[in-house]
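Here's the structure, in structure tokens; my notes come after.
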Amino acid sequence: MGTVDFNYVIVNVLMLIVFIYAGKKVSESEKPWQYIWLCTVAFAFVLGSRYLRGNDYIRYQETFLFDYDASEVVFTAFNRLLRSVGVTEYTFLYVYSIPFILCGLYFCKRYARLSLFLYPTFLMAFIFFDEYCIRQALGFSFVFLYMGVLFDDGEEDKTKKEKVKRLALLVFFAIMSFSVHTVNMLNVLFITAIYLVFASKTIPFFLSVPSFVFSAVVLSNAIDWSYLENGLLFLGGVNEKFLIYTERTNQFFSSDAFNDEYTRSFFGKIFECIGHCSLFYLGYRTIKEIQPSKSIISLYNVYVLGSIIDRCFWNYELLRRVFDPMLAFWCFVIAFVMTNAKKVEYKFFEKWLFLGLLYFPYELGYKYLVERGRMTLFLWDM
């Protein structure tokens with residue numbers, strides 16, 4: 001481990017304290033917006049002030065200035081608007097950070113009772129995504145809004161007008177999400193399919209636990225997914241409609257797409273299996289005991305399936321960008337479990353599983369602070 005950047009640690013810890021304070025207040029208050037804005041200001045300042053942090057930092061600086069992604073109409077128009085009002089290549093991330101955290105916490109507002117645990121874990125779960133997947137995270141702001149409408153199952157639509165309005169909002173937020181970044185279309189489809197197909201059914205732990213272990217320990221390194229490349233090449237030669245997929249296939253499945261830098265040690269895989277499988281079990285157990293809303297069950301199912309698939313393609317960066325946000329849904333599940341822990345009569349061995357949940361603050365909190373190498377710079381370090 002290299003030298004710890006204490007300035008970086010202090011700034012991020014202070015932001016975490018703000019989220020913990022706000023989460024506590026939101027869980028006690030009927031007027032959460034002042035605390036949502038407090039978190040938004042803190043998040044936008046810290047994430048907006050970053051410098052040369054993330055693999056795409058330079059690329060999106062240049063994209064912001066020169067419209068390199070002109071095919072993404074909404075994204076390009078947004079950048080042009082920002083430039084017209086004086087936003088620069090050093091301040092554009094302040095603006096990008098605001099809709100992501102604001103829409104994310106707006107979605108979290110529906111789970112105010114979970115806020116004591118949800119706010120800090122939401123920060124830990126999504127901060128890396130916002131930092132490294134800049135444009136995708138900006139578009140994911142609309143995915144949060146989409147989910148807010150999709151999960152609006154507290155009341156049945158009473159009139160045709162209300163149904164049409166709901167459908168129109170779903171279509172609008174979906175289009176906006178992948179107009180900023182096309183990968184978000186896959187996120188929208190994935191979330192919607194799970195919500196509709198599974199309905200109120202919870203994926204049982206006796207299926208999810210072995211599936212995750214097999215995916216993380218065996219499939220992540222044992223299978224050569226490049227065979228899918230040959231299939232797409234064949235389709236590209238037969239039908240021009242598949243040509244675009246053929247041209248991009250190397251980015252996803254070829255041996256060149258495999259990145260050894262992401263390969264984890266055997267013990268690292270065991271540790272993550274303990275963490276996720278503990279949450280799978282405790283989440284399933286708590287859901288069965290508490291009988292929450294359909295939306296909580298859907299968030300659990302998205303997290304379970306998303307994390308299993310994510311680990312399967314762990315070394316393929318572009319595929320991980322699709323499922324990493326789904327894995328980040330662990331924050332909703334762990335907040336639900338911790339909030340209701342005293343209401344469930346856990347058996348002796350089940351109580352020990354709570355120790356496995358320490359994986360999340362260690363892997364996504366502690367390591368984010370102290371194992372960043374040179375990725376700790378802020379604008380004032382220029």
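Each chain in the structure tokens gets a letter, A, B, ..., in the order shown, and its residues are numbered from 1; ligands are numbered from 1 in order too.
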
message: Excluding segment 205-218 of chain A and its own-chain neighbours fewer than 2 positions away, which residues fall within 12 Å of it when counting only C-alpha atoms? Please give them as a PyMOL selection string.
response: chain A and resi 202-203+220-224+263-288+300-315+327

May I have the residues from that selection written out with C-alpha atoms, as a tab-separated table (two decimals), in the first residue's frame?
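Printed below is out.tsv as written:
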chain	number	residue	atom	x	y	z
A	202	THR	CA	-37.88	-13.07	-3.90
A	203	ILE	CA	-34.94	-14.99	-5.35
A	220	SER	CA	-14.99	-15.23	-13.85
A	221	ASN	CA	-11.70	-16.76	-15.03
A	222	ALA	CA	-12.44	-20.26	-16.31
A	223	ILE	CA	-14.58	-19.48	-19.38
A	224	ASP	CA	-13.34	-17.92	-22.59
A	263	THR	CA	-8.26	-10.43	-11.52
A	264	ARG	CA	-8.64	-10.95	-7.79
A	265	SER	CA	-6.75	-13.36	-5.56
A	266	PHE	CA	-8.43	-16.52	-4.35
A	267	PHE	CA	-8.71	-15.12	-0.82
A	268	GLY	CA	-10.11	-11.86	-2.19
A	269	LYS	CA	-12.82	-13.84	-3.96
A	270	ILE	CA	-13.61	-15.78	-0.79
A	271	PHE	CA	-13.93	-12.54	1.17
A	272	GLU	CA	-16.33	-11.04	-1.35
A	273	CYS	CA	-18.33	-14.29	-1.43
A	274	ILE	CA	-18.70	-14.12	2.35
A	275	GLY	CA	-19.90	-10.51	2.12
A	276	HIS	CA	-22.38	-10.84	-0.72
A	277	CYS	CA	-23.69	-14.26	0.28
A	278	SER	CA	-24.27	-13.05	3.85
A	279	LEU	CA	-26.33	-10.18	2.47
A	280	PHE	CA	-28.18	-12.52	0.09
A	281	TYR	CA	-29.24	-14.68	3.01
A	282	LEU	CA	-30.03	-11.91	5.49
A	283	GLY	CA	-31.90	-9.94	2.82
A	284	TYR	CA	-34.01	-12.96	1.90
A	285	ARG	CA	-34.63	-13.81	5.55
A	286	THR	CA	-35.64	-10.24	6.45
A	287	ILE	CA	-37.92	-9.87	3.43
A	288	LYS	CA	-39.76	-13.06	4.32
A	300	TYR	CA	-33.15	-7.07	-3.82
A	301	ASN	CA	-33.66	-9.14	-6.98
A	302	VAL	CA	-31.83	-6.58	-9.15
A	303	TYR	CA	-28.90	-6.62	-6.71
A	304	VAL	CA	-28.76	-10.43	-6.56
A	305	LEU	CA	-28.94	-11.08	-10.31
A	306	GLY	CA	-26.84	-8.04	-11.18
A	307	SER	CA	-24.02	-9.02	-8.83
A	308	ILE	CA	-23.98	-12.63	-10.04
A	309	ILE	CA	-23.69	-11.53	-13.69
A	310	ASP	CA	-21.24	-8.76	-12.80
A	311	ARG	CA	-18.85	-11.20	-11.15
A	312	CYS	CA	-19.12	-13.57	-14.09
A	313	PHE	CA	-17.74	-10.85	-16.41
A	314	TRP	CA	-15.50	-9.24	-13.79
A	315	ASN	CA	-12.47	-8.97	-16.09
A	327	LEU	CA	-24.36	-4.56	-7.91

Can you tell me, as a PDB file with C-alpha atoms, in the first residue's frame, what residues are no more than 10 Å from segment 2-16 of chain A when counting only C-alpha atoms, ignoring any on the same chain fewer than 2 positions away?
ATOM      1  CA  VAL A  18     -22.589  14.793   6.254  1.00  0.00           C
ATOM      2  CA  PHE A  19     -24.436  11.823   4.729  1.00  0.00           C
ATOM      3  CA  ILE A  20     -24.652  10.038   8.096  1.00  0.00           C
ATOM      4  CA  TYR A  21     -26.029  13.192   9.743  1.00  0.00           C
ATOM      5  CA  ALA A  22     -28.497  13.793   6.913  1.00  0.00           C
ATOM      6  CA  CYS A  39     -25.838  16.085   0.742  1.00  0.00           C
ATOM      7  CA  VAL A  41     -23.858  20.343  -2.062  1.00  0.00           C
ATOM      8  CA  ALA A  42     -21.303  18.175  -0.236  1.00  0.00           C
ATOM      9  CA  PHE A  43     -21.247  15.524  -2.983  1.00  0.00           C
ATOM     10  CA  PHE A  45     -18.190  19.892  -4.142  1.00  0.00           C
ATOM     11  CA  VAL A  46     -16.099  16.777  -3.438  1.00  0.00           C
ATOM     12  CA  LEU A  47     -16.759  14.936  -6.711  1.00  0.00           C
ATOM     13  CA  ARG A  50     -11.587  15.963  -8.373  1.00  0.00           C
ATOM     14  CA  TYR A 119     -27.597   7.527   3.007  1.00  0.00           C
ATOM     15  CA  PRO A 120     -24.036   6.507   3.996  1.00  0.00           C
ATOM     16  CA  THR A 121     -24.235   3.161   2.178  1.00  0.00           C
ATOM     17  CA  LEU A 123     -22.629   7.101  -0.957  1.00  0.00           C
ATOM     18  CA  MET A 124     -20.226   4.160  -0.596  1.00  0.00           C
ATOM     19  CA  GLY A 365     -15.280   2.480   2.097  1.00  0.00           C
ATOM     20  CA  TYR A 366     -11.866   1.884   3.636  1.00  0.00           C
ATOM     21  CA  TYR A 368     -11.656   3.679  -1.483  1.00  0.00           C
ATOM     22  CA  LEU A 369      -9.919   5.990   0.973  1.00  0.00           C
ATOM     23  CA  VAL A 370      -6.481   4.394   1.390  1.00  0.00           C
ATOM     24  CA  GLU A 371      -5.808   2.303  -1.736  1.00  0.00           C
ATOM     25  CA  ARG A 372      -6.246   4.851  -4.519  1.00  0.00           C
ATOM     26  CA  GLY A 373      -2.641   5.311  -5.567  1.00  0.00           C
ATOM     27  CA  ARG A 374      -2.443   8.598  -7.526  1.00  0.00           C
ATOM     28  CA  MET A 375      -6.232   8.878  -7.855  1.00  0.00           C
ATOM     29  CA  THR A 376      -6.539  11.296  -4.935  1.00  0.00           C
ATOM     30  CA  LEU A 377      -5.988  14.684  -6.542  1.00  0.00           C
ATOM     31  CA  PHE A 378      -8.286  17.705  -6.323  1.00  0.00           C
TER      32      PHE A 378
END

message: Can you pull out the residues contacting Leu150 of chain A? Cut-off 9 Å, using only C-alpha atoms, and skip same-chain residues under 5 positions away; I want them as a list in words.
response: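 What passes the distance filter is Leu145, Arg166, Leu167, Leu170, Thr192, Tyr195 and Ser295 of chain A.
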
Save out the residues we just selected, C-alpha atoms, as a CSV table (one decimal), in the first residue's frame.
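Result saved to part_6.csv:
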chain,number,residue,atom,x,y,z
A,145,LEU,CA,-36.3,8.9,-11.9
A,166,ARG,CA,-47.3,7.2,-15.9
A,167,LEU,CA,-46.4,5.5,-19.2
A,170,LEU,CA,-41.5,6.0,-18.1
A,192,THR,CA,-38.0,-3.4,-15.8
A,195,TYR,CA,-39.8,-5.9,-11.7
A,295,SER,CA,-40.2,-2.2,-4.8

Contacts of segment 69-77 of chain A within 10 Å, only C-alpha atoms, excl. fewer than 5 positions in-chain, as a list in words: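 My list of contacting residues is Tyr60, Thr63, Phe64, Leu82, Arg83, Arg135, Leu138, Gly139, Ile175, Met176, Ser177, Phe178, Ser179, Val180, His181 and Thr182 of chain A.
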
Next, dump the selected residues to file, keeping only N, CA and C atoms, as a CSV table (one decimal), in the first residue's frame.
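And here's part.csv as it stands now:
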chain,number,residue,atom,x,y,z
A,60,TYR,N,-13.2,12.9,-21.1
A,60,TYR,CA,-14.5,13.7,-20.9
A,60,TYR,C,-14.2,15.2,-20.8
A,63,THR,N,-14.1,15.8,-24.5
A,63,THR,CA,-15.5,15.7,-25.0
A,63,THR,C,-16.3,16.9,-24.7
A,64,PHE,N,-16.2,17.3,-23.4
A,64,PHE,CA,-16.9,18.5,-23.0
A,64,PHE,C,-16.6,19.7,-23.9
A,82,LEU,N,-23.8,24.3,-21.1
A,82,LEU,CA,-22.9,24.6,-20.0
A,82,LEU,C,-21.8,25.5,-20.5
A,83,ARG,N,-21.2,25.3,-21.7
A,83,ARG,CA,-20.2,26.1,-22.2
A,83,ARG,C,-20.7,27.5,-22.4
A,135,ARG,N,-20.1,9.8,-17.9
A,135,ARG,CA,-21.3,10.1,-18.7
A,135,ARG,C,-22.4,9.1,-18.4
A,138,LEU,N,-24.1,10.3,-15.3
A,138,LEU,CA,-25.0,11.4,-15.6
A,138,LEU,C,-26.3,10.9,-16.2
A,139,GLY,N,-26.3,10.0,-17.1
A,139,GLY,CA,-27.5,9.4,-17.7
A,139,GLY,C,-28.3,8.6,-16.7
A,175,ILE,N,-35.9,7.2,-22.4
A,175,ILE,CA,-35.2,7.8,-23.6
A,175,ILE,C,-34.1,8.8,-23.1
A,176,MET,N,-34.4,9.6,-22.1
A,176,MET,CA,-33.4,10.6,-21.7
A,176,MET,C,-32.1,9.8,-21.1
A,177,SER,N,-32.4,8.7,-20.4
A,177,SER,CA,-31.2,8.0,-19.8
A,177,SER,C,-30.3,7.5,-20.9
A,178,PHE,N,-30.8,6.9,-21.9
A,178,PHE,CA,-29.9,6.3,-22.9
A,178,PHE,C,-29.6,7.3,-24.0
A,179,SER,N,-30.2,8.5,-24.0
A,179,SER,CA,-29.8,9.6,-24.9
A,179,SER,C,-28.5,10.2,-24.4
A,180,VAL,N,-28.2,10.1,-23.1
A,180,VAL,CA,-27.0,10.5,-22.5
A,180,VAL,C,-25.9,9.4,-22.7
A,181,HIS,N,-26.3,8.2,-22.4
A,181,HIS,CA,-25.3,7.1,-22.5
A,181,HIS,C,-26.1,5.8,-22.9
A,182,THR,N,-25.8,5.2,-24.0
A,182,THR,CA,-26.6,4.1,-24.5
A,182,THR,C,-26.6,2.9,-23.6

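Nearest residue to Phe122 of chain A among A:Pro292, A:Gly23, A:Gly356, A:Gly86 is A:Gly23, counting only C-alpha atoms.
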
message: Which residues are close to Ala168 of chain A, i.e. within 12 Å by only C-alpha atoms, leaving aside same-chain residues fewer than 6 positions away? Reply as a PyMOL selection string.
response: chain A and resi 146+149-150+161-162+174-175

message: One decimal, in Å: what's the spacing between atom CA of Phe329 of chain A and atom CA of Ala193 of chain A?
response: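 Atom CA of Ala193 of chain A lies at a distance of 16.0 Å from atom CA of Phe329 of chain A.
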
message: When you count only C-alpha atoms, which of these residues is closest to Ile134 of chain A: A:Ser115, A:Thr159, A:Asn55, A:Ser84?
response: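 Ranking A:Ser115, A:Thr159, A:Asn55, A:Ser84 by distance to Ile134 of chain A, first place goes to A:Asn55.
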
- prompt: atom CA of Pro325 of chain A to atom CA of Ser29 of chain A: how many Å, to one decimal?
  reply: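 Atom-to-atom, atom CA of Pro325 of chain A to atom CA of Ser29 of chain A, that is 28.6 Å.
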
message: Among segment 94-224 of chain A, which ones does DSSP assign to alpha helix (DSSP H) (computed from the backbone)? Answer as an MDAnalysis selection string.
response: chainID A and resid 94:108 115:132 134:150 160:180 183:198 205:213 220:222

message: So that I can see what lies close to Ala199 of chain A, please list as a ChimeraX atom specification the residues with an atom at most 8 Å from it, counting only C-alpha atoms and leaving out residues fewer than 4 positions away in the same chain.
response: /A:194-195,294,298

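Atom pair atom CA of Asp130 of chain A / atom CA of Thr40 of chain A: separated by 13.3 Å.
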